[in-house]
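These notes are about the structure you will find just below.
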Amino acid sequence: MLLLVVALSSCGRGSRSAGAPIAAAALRGANVLLVTIDTLRADHVGAYGSALGATPTIDRLAREGLRFDVAYAHVPLTLPSHATIMTGLYPFANGVRDNGSFRFDGVKPTLAGELKRAGYRTGAFVGAFVLDARFGLNAGFDVYDDRVQGASANLDIVQRTAEAVLAAAYAWIAQSAMNPQSAMNPQSAMNPQSTIPNPQPIRTPQSAIRNVPWFAWVHLYDPHEPYTPPEPFAARYAADPYSGEIAYADAALGSFLDRLKTAGALDRTLVVIASDHGESLGEHGERTHGLFAYESTLRVPLVVWAPGVVAPGVVSSPARLVDVAPTMLDLVGAPAAAADGRSLRPLVGGDPAPDSDPGSYFEALNANLTRNWAPLEGIVRNRVKLVDLPIPELYDLDADPHETKNLYASQRDRGRDLEARLDRLDAARAQPVPRPGPLDGDADARLRSLGYVVGGATRPARAFTAADDPKRLVHLNTMLDDAAGALARGDATAAAATLEAAIRERPDLTIAYDRLAFVLRGAGHIGDAVALLDRAARGGHADRALLRSLGAMLRDAGELARSIAVLEPLAKEDPGDLQTLDALGQAYVRAHRPRDAEAMFRRVLAASPNASATWNNLGSLYLGENRPAEAFDALTMAVAINPDLPGAHNGLGVVYARRGELARAEAEWRRALALRPDDADARANLEQVQRRER
């Protein structure tokens, strides 16, 4: 291994790059730890100038390693941003453009896959459902631990804490170091691609896996909204809970790294710390992220740490998240496929070349996909940023770091190079955004719980005007956020009033109809919900998602013939729309068409074997058909995937009761009531058995 010379002192932005030069493959055979901290703004990290004191762990790693002073994300959303990290490809090249409605196809090379080919054991540990294996980023991983829980029916937040994620990661790393054979088994119990609960690991002789390096990806979701840090961080940051979440995640990371160091697992390990995107925190009228692409959501921290090999320093040349995978592969000497990114290793230890900035492409398409607003794309290079919208924007980031003065009209010449560079991407960008991948109803509900709205199928191309520019419509985005906040506080009346006002202002705001119908249904006004969606559909404001919601509402209102009439054409038009198949299956159950219902549920499970709600629906169907053995298998599968499904526990209680195992039946019903105290079926079943026992 090449040992580097004593570190140079660190430097700030715009100064000479510091740190000693690093040879290619200087960390050949080293372990690799990638930590991504969701929604972490660079300016909230001490090493990037924050005085909040929230990030002592990251600050220490930055002092002891390389800090890239300017690093850019390419999409201000979790799934597509992590797809760029894992592939080194821009979103239009890796095919993942939004949360939930897109799935990485697994065909293109990934960081995990290349390291696995190089002989690494690979494990991933993610903190939120938005990175569930069904969205494809499990490609190349032996173990993909996405065991986040939450009952989709009542939209609990589907995430897990940093401590829970890091505990799982530590256990795997320690197991890899001391008894790695089960970590090499791609069908381990932590791999959600397996539909067998707790399969037995494949045993490999210890001699065959001695000294095999590991690659672990750890994803911490805590700084993402809602900001609810635990104590003592909640009290310490009472006025700034977002920073409290950052402080909690940083402290948990520090404890994790200390444990690894004590176990000797950091002795020869490359550690990379990054964020997938930042948070607007009200800047430019955006409360969170995903709508715009200003510095608050695109600037992210990036730190590389490997004492004795990577000398401390600060690199002023711009870095990008597409550069992360090529850089890591370069450092450990693993081959890398062609990518949009480049290795950052050659930038260390010298003055940046005058034309060394390749530019960084970015996009934010969620509002286009879910609201039919103008798509946002752009490029930033040499501290000048172009935002391509119907009302174009151009910013000098050195003179105007908060992007308050749009120079496009007055200094258009400064943007010509950026426009030309963006035009050169047209061959790829001009292709239609592909039809989103299949998404089952369980996945849709879990994503809603995280505040994400999943777009429907690709819309027809049209010309967008200034009236469609997100800058002109950001107040409507705020209204949607306000309605969600009111509903979270239990104020359905305020939520409904806000959504009604949004619809009056923009009658084509399809998402507002869908959300208002959800509010009305939750308040017990399902007839009003049906009427609302029916009016939207007849007024020409429906997309697939709204029609699917209409079909489901009609089903729950007892209008089964109309429900099936709405859902069947949707299922025929797009057989990959798993939400529609599941909704249609439920309608068939209520219409006493069990064979058709079973066929729909089986089609969903063939494409998404971890759709726990569909396993529950199938189990309920089998119970109604008096097929107890098959019901037991389906319901057991449902709770193995998601232990927090009250309906599945109630169904298992019924199976046990029919077998005469009343104690086990009561335990399942009590579990269902603990999860959902208003579960009338579970309560009635429990009371009936208790009356018999008296």
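Order determines the names: the first chain of the structure tokens is A, the second B, and so forth; residues in each chain are numbered 1 upward, and ligands are numbered 1 upward as they are shown.
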
Within 12 Å of Asp59 in chain A, counting only C-alpha atoms, which residues qualify if same-chain residues fewer than 3 places away don't, as a ChimeraX atom specification?
/A:42,44-56,62-67,247,250-251,253-254,273,301-305,312

Limited to C-alpha atoms, could you put the picked residues into a file as a PDB file, in the first residue's frame?
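Wrote it out as out-v9.pdb, contents follow:
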ATOM      1  CA  ALA A  42     -23.831  21.460   3.166  1.00  0.00           C
ATOM      2  CA  HIS A  44     -25.429  22.918   8.149  1.00  0.00           C
ATOM      3  CA  VAL A  45     -22.138  21.022   8.496  1.00  0.00           C
ATOM      4  CA  GLY A  46     -19.421  22.601  10.639  1.00  0.00           C
ATOM      5  CA  ALA A  47     -16.693  21.740   8.133  1.00  0.00           C
ATOM      6  CA  TYR A  48     -18.625  23.798   5.555  1.00  0.00           C
ATOM      7  CA  GLY A  49     -18.965  26.850   7.778  1.00  0.00           C
ATOM      8  CA  SER A  50     -21.894  26.086  10.073  1.00  0.00           C
ATOM      9  CA  ALA A  51     -21.621  27.397  13.650  1.00  0.00           C
ATOM     10  CA  LEU A  52     -24.451  25.174  14.917  1.00  0.00           C
ATOM     11  CA  GLY A  53     -22.118  22.514  16.324  1.00  0.00           C
ATOM     12  CA  ALA A  54     -24.387  19.745  15.043  1.00  0.00           C
ATOM     13  CA  THR A  55     -21.817  17.653  13.163  1.00  0.00           C
ATOM     14  CA  PRO A  56     -18.694  16.903  15.252  1.00  0.00           C
ATOM     15  CA  ALA A  62     -13.294  16.253   7.202  1.00  0.00           C
ATOM     16  CA  ARG A  63     -10.276  17.448   9.240  1.00  0.00           C
ATOM     17  CA  GLU A  64      -8.592  14.060   9.002  1.00  0.00           C
ATOM     18  CA  GLY A  65      -9.526  13.415   5.369  1.00  0.00           C
ATOM     19  CA  LEU A  66     -10.377  15.173   2.131  1.00  0.00           C
ATOM     20  CA  ARG A  67     -13.240  17.643   2.028  1.00  0.00           C
ATOM     21  CA  ALA A 247     -27.101  16.289  15.278  1.00  0.00           C
ATOM     22  CA  ASP A 250     -24.121  12.616  13.403  1.00  0.00           C
ATOM     23  CA  ALA A 251     -23.938  11.376  17.000  1.00  0.00           C
ATOM     24  CA  LEU A 253     -22.669   7.806  13.215  1.00  0.00           C
ATOM     25  CA  GLY A 254     -19.919   8.732  15.669  1.00  0.00           C
ATOM     26  CA  ILE A 273     -19.594  10.572   3.613  1.00  0.00           C
ATOM     27  CA  PRO A 301     -21.172  17.674   1.704  1.00  0.00           C
ATOM     28  CA  LEU A 302     -18.630  15.161   0.385  1.00  0.00           C
ATOM     29  CA  VAL A 303     -15.790  13.808   2.559  1.00  0.00           C
ATOM     30  CA  VAL A 304     -13.274  11.034   1.823  1.00  0.00           C
ATOM     31  CA  TRP A 305     -11.389   9.521   4.798  1.00  0.00           C
ATOM     32  CA  PRO A 312      -6.025  15.745   5.009  1.00  0.00           C
TER      33      PRO A 312
END

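Once range 412-425 of chain A and its same-chain neighbours fewer than 3 positions away are set aside, Tyr361, Gly378, Ile379, Val380, Arg381, Val384, Lys385, Leu386, Leu394, Leu407, Tyr408, Ala409, Ala428 and Arg429 of chain A remain within 8 Å of it when counting only C-alpha atoms.
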
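Put simply, CA of Ala73 in chain A is 23.3 Å away from CA of Val310 in chain A.
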
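CA of Asn99 in chain A is found 13.2 Å from CA of Glu363 in chain A.
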
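Neighbours of range 626-638 of chain A closer than or equal to 7 Å, with only C-alpha atoms counted and sequence neighbours fewer than 3 positions away skipped, come out as Ser612, Ala613, Trp615, Asn616, Leu618, Gly619, Ser620, Tyr622, Leu623, Ile641, Asn642, Ala648, Gly651, Leu652 and Val655 of chain A.
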
List every residue of range 472-689 of chain A that DSSP, applied to the backbone, labels as helix (DSSP H, G or I), and write the result as an MDAnalysis selection string.
chainID A and resid 472:488 492:505 510:522 526:538 544:556 560:573 578:590 594:607 612:624 628:641 646:659 662:675 680:689

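If you look at CA of Glu286 in chain A and CA of Ala364 in chain A, they are 13.1 Å away from each other.
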
Report as a short mmCIF file (atom, residue, chain, number, x, y, z; two decimals) with C-alpha atoms, in the first residue's frame all protein, DNA and RNA residues lying within 6 Å of range 146-148 of chain A, evaluated on only C-alpha atoms, omitting residues in the same chain fewer than 3 positions from it.
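Just written: around.cif:
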data_model
loop_
_atom_site.label_atom_id
_atom_site.label_comp_id
_atom_site.auth_asym_id
_atom_site.auth_seq_id
_atom_site.Cartn_x
_atom_site.Cartn_y
_atom_site.Cartn_z
CA VAL A 126 -31.27 1.83 4.28
CA ASP A 132 -36.91 -0.32 -0.78
CA GLN A 159 -38.61 4.84 8.13
CA ARG A 160 -36.22 3.72 10.87
#

Need to verify the contact set: Arg320 in chain A, 7 Å, only C-alpha atoms, exclusion of same-chain residues closer than 4 positions in sequence. Can you return it as a short mmCIF file (atom, residue, chain, number, x, y, z; two decimals) with N, CA and C atoms, in the first residue's frame?
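What landed in part.cif:
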data_model
loop_
_atom_site.label_atom_id
_atom_site.label_comp_id
_atom_site.auth_asym_id
_atom_site.auth_seq_id
_atom_site.Cartn_x
_atom_site.Cartn_y
_atom_site.Cartn_z
N ALA A 71 -19.66 20.37 -3.83
CA ALA A 71 -20.13 19.10 -4.39
C ALA A 71 -21.61 19.25 -4.71
N TYR A 72 -22.02 18.69 -5.86
CA TYR A 72 -23.38 18.88 -6.35
C TYR A 72 -24.14 17.57 -6.50
N ALA A 73 -25.40 17.59 -6.05
CA ALA A 73 -26.36 16.55 -6.39
C ALA A 73 -26.95 16.88 -7.76
N SER A 360 -22.08 20.44 -14.14
CA SER A 360 -22.93 19.47 -13.46
C SER A 360 -24.37 19.66 -13.90
#

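You can rank A:Leu509, A:Leu115, A:Ala235, A:Val309 by their closest distance to Ala367 in chain A using only C-alpha atoms, and at the top of that list sits A:Leu509.
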